[in-house]
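**Q** Input structure: target_23.cif, which contains mmCIF, C-alpha atoms and all ligand atoms.
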data_structure
#
loop_
_atom_site.label_atom_id
_atom_site.label_comp_id
_atom_site.auth_asym_id
_atom_site.auth_seq_id
_atom_site.Cartn_x
_atom_site.Cartn_y
_atom_site.Cartn_z
CA MET A 1 -58.59 79.35 3.40
CA THR A 2 -55.25 78.26 4.87
CA THR A 3 -52.58 80.84 5.44
CA PRO A 4 -49.48 80.19 3.29
CA PRO A 5 -46.45 79.37 5.46
CA SER A 6 -44.15 82.31 6.13
CA SER A 7 -40.79 82.14 4.40
CA GLU A 8 -39.23 81.63 7.85
CA THR A 9 -41.44 78.54 8.43
CA LYS A 10 -40.60 77.25 4.96
CA THR A 11 -36.88 77.70 5.67
CA ALA A 12 -37.23 75.95 9.02
CA ARG A 13 -39.07 73.02 7.42
CA HIS A 14 -36.57 72.83 4.60
CA ARG A 15 -33.75 72.84 7.14
CA GLN A 16 -35.51 70.15 9.16
CA SER A 17 -36.00 67.89 6.14
CA THR A 18 -32.40 68.48 5.01
CA GLU A 19 -31.07 67.63 8.47
CA ALA A 20 -33.26 64.55 8.75
CA VAL A 21 -31.77 63.01 5.63
CA THR A 22 -28.10 63.92 6.14
CA PRO A 23 -26.67 60.40 6.49
CA ARG A 24 -24.63 59.29 9.53
CA GLY A 25 -25.10 62.77 11.04
CA GLY A 26 -22.58 65.27 9.80
CA ARG A 27 -21.38 67.00 6.73
CA LEU A 28 -18.62 66.25 4.26
CA TRP A 29 -15.86 68.73 5.06
CA ILE A 30 -13.78 69.80 2.07
CA ILE A 31 -10.56 71.41 3.30
CA GLY A 32 -9.00 73.64 0.63
CA PRO A 33 -11.42 75.75 -1.42
CA GLY A 34 -9.20 75.87 -4.51
CA ALA A 35 -9.84 74.53 -8.01
CA ILE A 36 -10.42 70.86 -7.14
CA GLY A 37 -12.13 71.61 -3.80
CA ARG A 38 -14.65 73.95 -5.43
CA LEU A 39 -15.29 71.54 -8.31
CA LEU A 40 -16.04 68.64 -5.95
CA ALA A 41 -18.13 70.86 -3.66
CA VAL A 42 -20.28 72.41 -6.38
CA ARG A 43 -20.98 69.12 -8.16
CA ILE A 44 -21.96 67.21 -5.00
CA ALA A 45 -24.01 70.11 -3.60
CA SER A 46 -25.86 70.55 -6.92
CA ALA A 47 -26.65 66.82 -7.14
CA ARG A 48 -27.92 66.91 -3.55
CA ALA A 49 -30.05 70.00 -4.24
CA GLY A 50 -31.50 68.19 -7.29
CA ASP A 51 -32.40 65.15 -5.13
CA LEU A 52 -34.01 67.37 -2.49
CA ALA A 53 -36.06 69.23 -5.08
CA SER A 54 -37.27 66.08 -6.85
CA GLN A 55 -37.58 63.56 -4.00
CA GLY A 56 -37.51 65.68 -0.82
CA LYS A 57 -34.50 63.70 0.42
CA SER A 58 -30.95 62.84 -0.51
CA SER A 59 -28.32 60.48 0.80
CA LEU A 60 -25.60 62.73 -0.60
CA PRO A 61 -23.84 64.63 2.19
CA GLU A 62 -24.21 68.33 2.87
CA ILE A 63 -20.94 70.16 2.18
CA LEU A 64 -18.90 72.38 4.49
CA LEU A 65 -16.10 74.05 2.52
CA ILE A 66 -13.20 75.08 4.77
CA GLY A 67 -10.44 77.47 3.74
CA ARG A 68 -7.85 79.78 5.21
CA GLN A 69 -9.38 83.04 4.12
CA ALA A 70 -13.09 82.28 4.38
CA PRO A 71 -15.28 84.14 6.83
CA SER A 72 -16.66 82.14 9.75
CA SER A 73 -19.55 79.90 8.60
CA GLN A 74 -21.08 81.96 5.85
CA GLU A 75 -23.20 81.12 2.82
CA THR A 76 -21.18 81.54 -0.34
CA SER A 77 -21.95 80.83 -3.99
CA ILE A 78 -19.70 78.64 -6.06
CA GLU A 79 -19.97 79.63 -9.72
CA MET A 80 -18.77 76.80 -11.93
CA THR A 81 -18.34 77.12 -15.67
CA THR A 82 -18.61 73.67 -17.22
CA PRO A 83 -16.28 72.50 -20.03
CA SER A 84 -19.11 73.26 -22.48
CA GLY A 85 -19.51 76.83 -21.15
CA GLU A 86 -22.65 76.41 -19.01
CA LEU A 87 -22.80 78.32 -15.71
CA VAL A 88 -23.80 76.38 -12.56
CA ILE A 89 -24.32 78.40 -9.38
CA GLN A 90 -24.70 76.64 -6.05
CA LYS A 91 -24.92 78.02 -2.52
CA ILE A 92 -22.61 76.39 -0.04
CA THR A 93 -21.50 76.94 3.56
CA ASN A 94 -17.97 78.23 3.71
CA SER A 95 -15.93 78.46 6.85
CA SER A 96 -12.44 79.33 7.98
CA ILE A 97 -10.08 76.73 9.40
CA GLY A 98 -8.84 79.33 11.87
CA SER A 99 -12.30 79.79 13.38
CA MET A 100 -13.11 76.09 13.84
CA GLU A 101 -12.73 76.23 17.59
CA TYR A 102 -15.52 78.81 17.77
CA LEU A 103 -18.01 76.71 15.76
CA PRO A 104 -20.52 74.36 17.39
CA LYS A 105 -18.99 70.88 17.83
CA GLU A 106 -19.72 68.71 14.81
CA THR A 107 -18.60 65.24 13.80
CA PRO A 108 -17.94 65.31 10.06
CA MET A 109 -19.17 62.39 8.03
CA ALA A 110 -15.90 62.41 6.10
CA ILE A 111 -13.11 64.84 5.24
CA TRP A 112 -11.59 65.49 1.83
CA ILE A 113 -8.29 67.37 1.89
CA THR A 114 -7.85 69.34 -1.34
CA THR A 115 -4.97 71.67 -0.47
CA LYS A 116 -1.74 71.46 -2.45
CA ALA A 117 0.58 68.67 -1.22
CA TYR A 118 2.74 71.14 0.75
CA GLY A 119 -0.39 72.46 2.55
CA VAL A 120 -1.45 69.17 4.12
CA GLU A 121 0.72 69.32 7.26
CA ASP A 122 -0.58 72.79 8.21
CA ALA A 123 -4.20 71.83 7.55
CA TRP A 124 -3.75 68.67 9.62
CA ALA A 125 -2.25 70.59 12.57
CA THR A 126 -5.59 72.38 13.04
CA LEU A 127 -7.86 69.63 11.85
CA GLN A 128 -6.61 66.88 14.16
CA GLN A 129 -7.87 68.77 17.21
CA HIS A 130 -11.45 68.62 15.92
CA ILE A 131 -11.95 65.07 14.67
CA SER A 132 -11.96 61.54 15.98
CA SER A 133 -9.61 58.73 14.91
CA SER A 134 -12.47 57.00 13.06
CA THR A 135 -13.32 59.94 10.75
CA PRO A 136 -12.68 58.89 7.14
CA ILE A 137 -10.12 61.20 5.52
CA THR A 138 -9.31 61.28 1.80
CA CYS A 139 -6.19 62.92 0.33
CA TRP A 140 -6.71 64.39 -3.17
CA GLN A 141 -3.11 65.54 -3.77
CA ASN A 142 -0.94 64.79 -6.76
CA GLY A 143 2.52 63.45 -5.97
CA LEU A 144 3.39 61.08 -3.18
CA SER A 145 4.51 63.14 -0.22
CA ALA A 146 1.31 64.04 1.66
CA GLN A 147 -0.26 60.55 1.58
CA PRO A 148 2.47 58.48 3.31
CA TRP A 149 2.91 61.26 5.87
CA LEU A 150 -0.81 61.50 6.67
CA ALA A 151 -1.17 57.69 6.74
CA GLU A 152 1.28 57.76 9.68
CA GLN A 153 -0.88 60.29 11.54
CA HIS A 154 -4.35 58.86 10.81
CA SER A 155 -5.26 55.21 10.32
CA GLY A 156 -7.59 54.09 7.54
CA LEU A 157 -6.49 56.90 5.20
CA LEU A 158 -8.13 57.00 1.76
CA CYS A 159 -6.54 58.53 -1.34
CA ALA A 160 -7.93 59.78 -4.60
CA SER A 161 -6.24 60.35 -7.93
CA THR A 162 -8.09 62.28 -10.59
CA THR A 163 -7.58 63.45 -14.15
CA GLU A 164 -10.47 65.95 -13.85
CA GLY A 165 -9.09 69.39 -14.68
CA ALA A 166 -10.06 72.67 -13.00
CA TRP A 167 -8.62 76.14 -12.51
CA LEU A 168 -9.52 79.34 -10.72
CA PRO A 169 -10.61 82.43 -12.64
CA GLU A 170 -9.97 85.75 -10.86
CA SER A 171 -12.53 86.73 -8.26
CA HIS A 172 -13.01 90.00 -6.43
CA SER A 173 -15.72 88.97 -3.99
CA PRO A 174 -15.33 86.60 -1.03
CA GLN A 175 -19.05 85.76 -1.42
CA ARG A 176 -18.55 84.36 -4.93
CA LEU A 177 -16.14 81.53 -5.64
CA PRO A 178 -15.67 80.93 -9.37
CA VAL A 179 -14.18 77.76 -10.81
CA GLN A 180 -13.59 76.69 -14.39
CA HIS A 181 -14.09 72.95 -14.94
CA ALA A 182 -11.56 72.57 -17.75
CA GLY A 183 -12.16 68.97 -18.72
CA HIS A 184 -13.72 65.68 -17.64
CA GLY A 185 -11.47 62.85 -16.49
CA GLN A 186 -11.35 59.69 -14.45
CA THR A 187 -11.15 59.44 -10.67
CA TRP A 188 -9.77 56.52 -8.65
CA LEU A 189 -10.35 56.36 -4.91
CA GLY A 190 -9.40 53.70 -2.38
CA PRO A 191 -7.59 52.93 0.85
CA TRP A 192 -3.93 53.97 1.04
CA ALA A 193 -3.17 50.52 2.43
CA THR A 194 -2.88 47.87 -0.28
CA THR A 195 -5.26 44.92 -0.73
CA GLY A 196 -5.24 42.57 2.22
CA MET A 197 -3.93 45.31 4.55
CA ALA A 198 -6.84 47.79 4.30
CA SER A 199 -9.47 47.74 7.05
CA ALA A 200 -13.01 46.65 6.23
CA ALA A 201 -14.22 50.10 7.36
CA SER A 202 -11.94 51.95 4.91
CA ILE A 203 -13.14 49.73 2.04
CA VAL A 204 -16.77 50.54 2.92
CA ASP A 205 -15.90 54.25 3.17
CA ALA A 206 -14.21 54.15 -0.25
CA HIS A 207 -17.30 52.57 -1.84
CA GLN A 208 -19.57 55.15 -0.27
CA GLN A 209 -17.40 58.03 -1.53
CA ILE A 210 -17.29 56.56 -5.03
CA ASP A 211 -21.09 56.45 -4.89
CA TRP A 212 -21.19 60.19 -4.03
CA LEU A 213 -18.78 61.01 -6.86
CA THR A 214 -20.66 58.92 -9.40
CA ARG A 215 -23.99 60.48 -8.45
CA ALA A 216 -22.40 63.92 -8.77
CA GLY A 217 -21.50 63.05 -12.38
CA PHE A 218 -17.81 62.14 -12.00
CA SER A 219 -16.60 59.03 -13.77
CA SER A 220 -15.05 57.19 -10.85
CA ASN A 221 -13.93 53.77 -9.60
CA THR A 222 -12.64 52.27 -6.41
CA ALA A 223 -9.05 51.09 -6.56
CA ASP A 224 -7.58 48.06 -4.78
CA ASN A 225 -4.07 49.32 -5.27
CA MET A 226 -4.16 53.08 -4.82
CA GLN A 227 -0.39 53.35 -4.40
CA GLU A 228 0.10 51.98 -7.91
CA HIS A 229 -2.42 54.51 -9.30
CA LEU A 230 -0.62 57.32 -7.49
CA TRP A 231 2.77 56.18 -8.84
CA HIS A 232 1.35 56.08 -12.38
CA LYS A 233 -0.01 59.63 -12.07
CA LEU A 234 3.28 60.69 -10.48
CA ALA A 235 5.24 59.24 -13.43
CA ILE A 236 3.17 61.29 -15.90
CA ASN A 237 3.48 64.47 -13.84
CA ALA A 238 7.22 63.94 -13.34
CA ALA A 239 7.87 63.49 -17.07
CA ILE A 240 5.89 66.57 -18.12
CA ASN A 241 5.48 69.19 -15.38
CA PRO A 242 9.10 70.00 -14.41
CA LEU A 243 10.12 70.34 -18.09
CA VAL A 244 7.23 72.65 -19.06
CA ALA A 245 7.68 74.69 -15.87
CA ARG A 246 11.47 75.02 -16.38
CA TYR A 247 11.22 76.01 -20.05
CA ARG A 248 7.90 77.92 -19.68
CA ILE A 249 6.18 76.12 -22.53
CA ARG A 250 2.80 74.50 -23.17
CA ASN A 251 2.61 70.70 -22.98
CA GLY A 252 2.37 70.30 -26.78
CA GLN A 253 5.77 71.95 -27.30
CA LEU A 254 7.36 68.91 -25.66
CA ARG A 255 6.83 67.13 -29.01
CA ASP A 256 9.39 69.45 -30.67
CA ARG A 257 13.18 69.29 -30.50
CA PRO A 258 15.09 69.79 -28.27
CA PHE A 259 12.34 69.10 -25.70
CA SER A 260 11.30 65.72 -27.20
CA LEU A 261 14.82 64.42 -26.39
CA LEU A 262 14.52 65.67 -22.81
CA VAL A 263 11.15 63.90 -22.46
CA ARG A 264 12.82 60.65 -23.61
CA GLN A 265 15.55 61.05 -21.03
CA ALA A 266 13.03 61.88 -18.26
CA VAL A 267 10.93 58.82 -19.17
CA SER A 268 14.01 56.59 -19.15
CA GLU A 269 15.06 57.87 -15.67
CA ILE A 270 11.51 57.53 -14.28
CA SER A 271 10.87 54.06 -15.71
CA ALA A 272 14.16 52.75 -14.24
CA VAL A 273 12.99 53.92 -10.79
CA LEU A 274 9.51 52.43 -11.21
CA ASN A 275 10.98 49.11 -12.42
CA ALA A 276 13.24 48.98 -9.38
CA LYS A 277 10.21 49.62 -7.17
CA GLN A 278 8.26 46.92 -9.04
CA ILE A 279 5.48 49.26 -10.14
CA SER A 280 3.99 47.54 -13.18
CA PRO A 281 4.19 49.61 -16.38
CA PRO A 282 1.06 50.57 -18.35
CA PRO A 283 0.18 48.07 -21.13
CA GLN A 284 1.44 50.41 -23.88
CA GLY A 285 4.72 51.21 -22.02
CA TRP A 286 5.76 54.48 -20.28
CA GLN A 287 6.97 56.35 -23.36
CA ALA A 288 3.77 55.69 -25.34
CA LEU A 289 1.57 56.64 -22.37
CA ILE A 290 3.41 59.90 -21.79
CA ASP A 291 3.46 60.77 -25.51
CA ASP A 292 -0.28 60.21 -25.52
CA VAL A 293 -0.86 62.50 -22.51
CA ILE A 294 1.30 65.21 -24.16
CA ARG A 295 -0.80 64.89 -27.33
CA THR A 296 -4.18 65.08 -25.54
CA THR A 297 -3.09 67.99 -23.31
CA ALA A 298 -1.09 69.80 -26.01
CA ASN A 299 -2.74 73.16 -25.37
CA ASN A 300 -2.50 73.01 -21.56
CA ARG A 301 -0.34 75.13 -19.32
CA ALA A 302 0.48 72.69 -16.51
CA SER A 303 -0.29 73.86 -12.98
CA MET A 304 3.43 73.78 -12.13
CA LEU A 305 4.08 76.21 -14.99
CA GLN A 306 1.23 78.46 -13.79
CA ASP A 307 2.70 78.38 -10.27
CA VAL A 308 6.17 79.34 -11.57
CA LEU A 309 4.72 82.19 -13.68
CA ALA A 310 2.71 83.48 -10.71
CA GLY A 311 5.70 83.20 -8.32
CA ARG A 312 3.87 80.66 -6.12
CA PRO A 313 5.45 77.57 -4.55
CA THR A 314 5.24 74.47 -6.75
CA GLU A 315 4.56 70.80 -5.99
CA ILE A 316 8.05 69.83 -7.26
CA ALA A 317 8.98 68.19 -3.93
CA ALA A 318 5.81 66.04 -3.92
CA ILE A 319 6.41 64.97 -7.53
CA LEU A 320 10.18 64.55 -7.90
CA GLY A 321 10.94 63.93 -4.19
CA PRO A 322 9.61 60.31 -4.11
CA ILE A 323 11.42 59.48 -7.39
CA ARG A 324 14.71 60.90 -6.08
CA SER A 325 14.50 59.09 -2.74
CA THR A 326 13.61 55.77 -4.44
CA ALA A 327 16.50 56.25 -6.90
CA ALA A 328 18.89 56.84 -3.98
CA GLN A 329 17.60 53.67 -2.30
CA TYR A 330 18.41 51.57 -5.42
CA GLY A 331 21.61 53.40 -6.39
CA LEU A 332 20.13 54.86 -9.61
CA GLN A 333 21.33 58.11 -11.20
CA LEU A 334 18.86 60.84 -12.27
CA PRO A 335 21.00 63.46 -14.09
CA LEU A 336 18.10 65.29 -15.75
CA LEU A 337 15.51 65.04 -12.97
CA ASP A 338 18.05 66.08 -10.32
CA GLN A 339 19.00 69.11 -12.40
CA LEU A 340 15.33 70.09 -12.90
CA TYR A 341 14.72 69.63 -9.17
CA ARG A 342 17.58 72.02 -8.32
CA GLU A 343 16.52 74.56 -10.92
CA LEU A 344 12.89 74.64 -9.80
CA ASN A 345 13.47 74.56 -6.06
N1 LIG B 401 -6.60 71.63 -10.36
C1 LIG B 401 -6.59 70.46 -10.99
O1 LIG B 401 -7.05 70.34 -12.14
C2 LIG B 401 -6.06 69.22 -10.30
C3 LIG B 401 -6.25 67.97 -10.93
C4 LIG B 401 -5.80 66.82 -10.28
C5 LIG B 401 -5.16 66.91 -9.05
N2 LIG B 401 -4.96 68.14 -8.49
C6 LIG B 401 -4.26 68.18 -7.20
O2 LIG B 401 -5.18 68.63 -6.21
C7 LIG B 401 -4.48 69.40 -5.21
C8 LIG B 401 -5.16 70.78 -5.12
O3 LIG B 401 -4.95 71.44 -6.36
P1 LIG B 401 -5.74 72.77 -6.76
O4 LIG B 401 -5.42 73.03 -8.19
O5 LIG B 401 -7.14 72.69 -6.32
O6 LIG B 401 -4.93 73.83 -5.85
P2 LIG B 401 -5.37 75.29 -5.43
O7 LIG B 401 -6.31 75.86 -6.44
O8 LIG B 401 -4.11 76.02 -5.10
O9 LIG B 401 -6.20 75.05 -4.10
C9 LIG B 401 -5.64 74.76 -2.87
C10 LIG B 401 -6.53 75.40 -1.81
O10 LIG B 401 -6.12 74.96 -0.52
C11 LIG B 401 -6.21 76.07 0.36
N3 LIG B 401 -5.40 75.83 1.56
C12 LIG B 401 -4.06 75.80 1.68
N4 LIG B 401 -3.71 75.55 2.96
C13 LIG B 401 -4.86 75.41 3.65
C14 LIG B 401 -5.17 75.15 5.02
N5 LIG B 401 -4.20 75.00 5.94
N6 LIG B 401 -6.46 75.08 5.40
C15 LIG B 401 -7.45 75.24 4.49
N7 LIG B 401 -7.24 75.50 3.18
C16 LIG B 401 -5.95 75.58 2.77
C17 LIG B 401 -5.70 77.21 -0.49
O11 LIG B 401 -6.06 78.42 0.11
P3 LIG B 401 -5.25 79.81 -0.11
O12 LIG B 401 -5.99 80.45 -1.24
O13 LIG B 401 -5.39 80.48 1.18
O14 LIG B 401 -3.84 79.45 -0.46
C18 LIG B 401 -6.45 76.93 -1.78
O15 LIG B 401 -7.76 77.44 -1.72
C19 LIG B 401 -3.01 69.46 -5.69
O16 LIG B 401 -2.25 68.47 -5.06
C20 LIG B 401 -3.09 69.17 -7.18
O17 LIG B 401 -1.90 68.63 -7.69
C21 LIG B 401 -5.40 69.29 -9.07
#
Hey, can you dump this file as structure tokens for me?
Ligand SMILES: NC(=O)c1ccc[n+]([C@@H]2O[C@H](COP(=O)([O-])OP(=O)(O)OC[C@H]3O[C@@H](n4cnc5c(N)ncnc54)[C@H](OP(=O)(O)O)[C@@H]3O)[C@@H](O)[C@H]2O)c1

**A**
Amino acid sequence: MTTPPSSETKTARHRQSTEAVTPRGGRLWIIGPGAIGRLLAVRIASARAGDLASQGKSSLPEILLIGRQAPSSQETSIEMTTPSGELVIQKITNSSIGSMEYLPKETPMAIWITTKAYGVEDAWATLQQHISSSTPITCWQNGLSAQPWLAEQHSGLLCASTTEGAWLPESHSPQRLPVQHAGHGQTWLGPWATTGMASAASIVDAHQQIDWLTRAGFSSNTADNMQEHLWHKLAINAAINPLVARYRIRNGQLRDRPFSLLVRQAVSEISAVLNAKQISPPPQGWQALIDDVIRTTANNRASMLQDVLAGRPTEIAAILGPIRSTAAQYGLQLPLLDQLYRELN
């Protein structure tokens, strides 16, 4: 009769087999354990755990979730509630950005930055000391302030733009990280540099990351022209978020007067800027696209509104800043957007 392996031996073997299949040596670091960071982490880690259980191997990366308040390298559970109300619990290694210098040296396979736009510079100040210039980095921020700045610091930058929705329920335990996946969406990911200018390595990296996302159940595509995708998302955010945050209303109330008139004015100011910048409009036109988003998100409280209500900083600079500076460049006036910018700053 053979002796069953001790749980320690089983753990060691499991660890060995997990390490043996982690591709290109190293984990995927997700910097910013907020709503989007947790959602990405839990879905990729669950898909990887599923592969390991069914096939004994996985080419999906192991995740290291890095935050400001996390303890140093500890196992934590992410508890995700899916849009249909199912609970998914997945163990994950969580670490603090402040304690990185005390951790064993590790070359990450890739880094996803999922802080708010205004948090990227601080995260980068620590991060840059621990990575090489060839590490693929992907920015997940809305707006267009963090990406051009980080592209100056790190070559081969990738960017993602997603309409997945997630928010953070209250949590009282640092060992349990809840996240509500509010709704499925579409994710675009590609090099920051436009077609013809992007390096072959960043195109390969983008395809690999799209593969991870797809296998984790996200509907996702690579994008040849990420800057255009980011401008399109920015246009939608700029037409909706400052108005709902200023007037403390849900998105759907923008269909009523007097707000519907303000939406029209915002769309007219934004589309003049995008025309001047030669960003091609969506096939249905800006007004129809934005009306459609307002209709499909009617019950939502935009994150900018939630930030205002909670007294937190907002992403107003990342969203209206690029529109205001482009308008100044082309001599265009933005009476409504400038006023909203001043009122929300
Ligand atoms: N949530 C969505 O549905 C959604 C959808 C599409 C795009 N986005 C975009 O994704 C980005 C993140 O949004 P979110 O909703 O996930 O924000 P969030 O919930 O506020 O998460 C941001 C996280 O980053 C952490 N952080 C800040 N500075 C850091 C640093 N220096 N090092 C490590 N971690 C740091 C924050 O930690 P603390 O708790 O310590 O502040 C927080 O956990 C935003 O640009 C947003 O516009 C969000």

**Q** Enumerate as a PyMOL selection string the residues within 6 Å of ligand LIG 401 (chain B), counting all atoms listed in the file.

**A** chain A and resi 31-37+66-69+97+114-117+119+122-123+140-142+162-167

**Q** Hey, what's within 9 Å of range 252-257 of chain A if we count all atoms listed in the file and toss same-chain stuff fewer than 5 positions away? As a PyMOL selection string, please?

**A** chain A and resi 240+243-244+262-263+291+294-300

**Q** Would you pick out the contacts of Ile78 in chain A at 6 Å or less, using only C-alpha atoms, so that residues sharing its chain but fewer than 4 positions from it are not included, and give the list as a list in words?

**A**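 Here the qualifying residues turn out to be Ile89, Gln90, Arg176, Leu177 and Pro178 of chain A.
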
**Q** So how far away is CA of Lys233 in chain A from CA of Ala216 in chain A, in Å?

**A**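 Going from CA of Ala216 in chain A over to CA of Lys233 in chain A covers 23.0 Å.
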
**Q** A:Leu60, A:Ala41, A:Ala239, A:Met100: which is nearest Leu289 in chain A, counting all atoms listed in the file?

**A**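 Answer, going by the shortest atom-to-atom distance: A:Ala239.
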
**Q** For a quick check of understanding, using only C-alpha atoms, which of A:Gln209, A:Ser77, A:Thr314, A:Thr187 has the smallest distance to Ala245 in chain A?

**A**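 Of A:Gln209, A:Ser77, A:Thr314, A:Thr187, the one nearest Ala245 in chain A, counting only C-alpha atoms, is A:Thr314.
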
**Q** Could you tell me which of A:Ser219, A:Ser303, A:Thr82, A:Asn225 comes closest to Met197 in chain A if we count only C-alpha atoms?

**A** A:Asn225

**Q** Between A:Ile319, A:Leu337, A:Cys139, A:Leu213, single out the one closest to Met226 in chain A, counting only C-alpha atoms.

**A**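 With only C-alpha atoms as the atom set, the closest residue is A:Cys139.
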
**Q** Ranking A:Leu158, A:Arg48, A:Gly26, A:Gly196 by minimum distance to Trp212 in chain A and counting all atoms listed in the file, which one comes first?

**A**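 Of all the options, A:Arg48 lies closest to Trp212 in chain A.
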
**Q** CA of Ile290 in chain A to CA of Arg312 in chain A: how many Å, to one decimal?

**A**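 According to the coordinates, CA of Ile290 in chain A and CA of Arg312 in chain A are separated by 26.0 Å.
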
**Q** Expressed in Å to a single decimal, how great is the separation between CA of Gln128 in chain A and CA of Ile113 in chain A?

**A** 12.4 Å

**Q** Please identify all polymer residues lying at most 8 Å from the point (-3.0, 51.5, -5.4) (file coordinates), using all atoms listed in the file, and present the result as a PDB file with C-alpha atoms, keeping the file's coordinate frame.

**A**
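To be explicit, this is the file written out as part_17.pdb:
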ATOM      1  CA  GLY A 190      -9.400  53.700  -2.380  1.00  0.00           C
ATOM      2  CA  PRO A 191      -7.590  52.930   0.850  1.00  0.00           C
ATOM      3  CA  TRP A 192      -3.930  53.970   1.040  1.00  0.00           C
ATOM      4  CA  ALA A 193      -3.170  50.520   2.430  1.00  0.00           C
ATOM      5  CA  THR A 194      -2.880  47.870  -0.280  1.00  0.00           C
ATOM      6  CA  ALA A 223      -9.050  51.090  -6.560  1.00  0.00           C
ATOM      7  CA  ASP A 224      -7.580  48.060  -4.780  1.00  0.00           C
ATOM      8  CA  ASN A 225      -4.070  49.320  -5.270  1.00  0.00           C
ATOM      9  CA  MET A 226      -4.160  53.080  -4.820  1.00  0.00           C
ATOM     10  CA  GLN A 227      -0.390  53.350  -4.400  1.00  0.00           C
ATOM     11  CA  GLU A 228       0.100  51.980  -7.910  1.00  0.00           C
ATOM     12  CA  HIS A 229      -2.420  54.510  -9.300  1.00  0.00           C
ATOM     13  CA  LEU A 230      -0.620  57.320  -7.490  1.00  0.00           C
TER      14      LEU A 230
END
